[in-house]
Amino acid sequence: MAWVEFTDKFRFVPPADRRVTVRYSAGQRLSVTAECARQAVEAGVAKRIKAPARGEVPDGAPEETAEANPVRED
């Protein structure tokens with residue numbers, strides 16, 4: 001896995017299953033497969049970035065504020 005930041009939209013088709021297409025938007029910073037990172041960097045639509053520390057939210061990523069099982073207090 002590799003961390004990248006997409007600078008433009010990109011569609012990745014995994015070589016193992018050509019029936020699948022994964023769409024990435026400009027500005028997304030996330031972990032992708034090595035093959036996806038390689039193709040995106042070669043296409044000039046992504047740059048490799050340093051992986052965030054465990055528990056750290058990557059810059060530009062939305063922070064998760066929703067609880068898995070929220071409790072209603074009525």
# chains A, B, ... in the order shown; residues from 1 in each chain; ligands from 1
$ residues_around --residues "Ala51 (chain A)" --least-positions-apart "3" --cutoff "9 Å" --atoms "only C-alpha atoms" --output "count of residues only"
7
$ residues_around --residues "Arg23 (chain A)" --least-positions-apart "3" --cutoff "12 Å" --atoms "only C-alpha atoms" --output "CSV table (one decimal) with N, CA, C and O atoms, in the first residue's frame"
chain,number,residue,atom,x,y,z
A,6,PHE,N,-4.1,12.9,-4.7
A,6,PHE,CA,-4.5,13.1,-6.1
A,6,PHE,C,-4.6,14.6,-6.4
A,6,PHE,O,-5.2,15.3,-5.7
A,8,ASP,N,-5.6,15.5,-9.6
A,8,ASP,CA,-6.7,15.6,-10.6
A,8,ASP,C,-7.5,14.3,-10.5
A,8,ASP,O,-7.1,13.3,-9.8
A,9,LYS,N,-8.6,14.2,-11.1
A,9,LYS,CA,-9.4,13.0,-11.1
A,9,LYS,C,-8.7,11.8,-11.8
A,9,LYS,O,-8.0,12.0,-12.7
A,10,PHE,N,-9.0,10.6,-11.2
A,10,PHE,CA,-8.3,9.4,-11.8
A,10,PHE,C,-9.2,8.2,-11.6
A,10,PHE,O,-9.9,8.1,-10.6
A,11,ARG,N,-9.2,7.4,-12.6
A,11,ARG,CA,-10.0,6.2,-12.6
A,11,ARG,C,-9.0,5.0,-12.7
A,11,ARG,O,-8.2,4.9,-13.6
A,12,PHE,N,-9.1,4.1,-11.7
A,12,PHE,CA,-8.2,3.0,-11.6
A,12,PHE,C,-9.0,1.7,-11.9
A,12,PHE,O,-10.0,1.5,-11.2
A,13,VAL,N,-8.5,0.9,-12.8
A,13,VAL,CA,-9.0,-0.4,-13.1
A,13,VAL,C,-8.0,-1.5,-12.6
A,13,VAL,O,-7.0,-1.6,-13.2
A,14,PRO,N,-8.3,-2.2,-11.5
A,14,PRO,CA,-7.4,-3.2,-11.1
A,14,PRO,C,-7.1,-4.3,-12.1
A,14,PRO,O,-8.1,-4.8,-12.7
A,20,VAL,N,-14.1,-3.9,-12.4
A,20,VAL,CA,-14.2,-2.9,-11.4
A,20,VAL,C,-13.4,-1.6,-11.8
A,20,VAL,O,-12.4,-1.7,-12.4
A,26,ALA,N,-9.7,14.9,-7.2
A,26,ALA,CA,-8.6,15.8,-6.9
A,26,ALA,C,-8.7,16.2,-5.4
A,26,ALA,O,-9.8,16.4,-4.9
A,28,GLN,N,-8.0,14.2,-2.8
A,28,GLN,CA,-8.1,13.1,-1.9
A,28,GLN,C,-6.7,12.7,-1.5
A,28,GLN,O,-5.7,12.6,-2.3
A,32,VAL,N,-3.6,3.7,-1.1
A,32,VAL,CA,-4.1,3.0,-2.3
A,32,VAL,C,-3.1,1.8,-2.5
A,32,VAL,O,-2.0,1.8,-1.9
A,36,CYS,N,-2.1,1.0,-8.1
A,36,CYS,CA,-2.9,2.2,-8.3
A,36,CYS,C,-2.0,3.5,-8.2
A,36,CYS,O,-2.0,4.4,-9.0
A,40,ALA,N,-1.2,6.2,-11.2
A,40,ALA,CA,-1.6,7.6,-11.0
A,40,ALA,C,-0.4,8.5,-11.0
A,40,ALA,O,-0.5,9.6,-11.7
$ closest_residue --among "A:Thr21, A:Thr7, A:Glu35, A:Pro15" --to "Lys47 (chain A)" --atoms "only C-alpha atoms"
A:Thr7
$ atom_distance --atom1 "CA of Val45 (chain A)" --atom2 "CA of Glu5 (chain A)"
8.6 Å
$ atom_distance --atom1 "CA of Val22 (chain A)" --atom2 "CA of Pro52 (chain A)"
22.5 Å
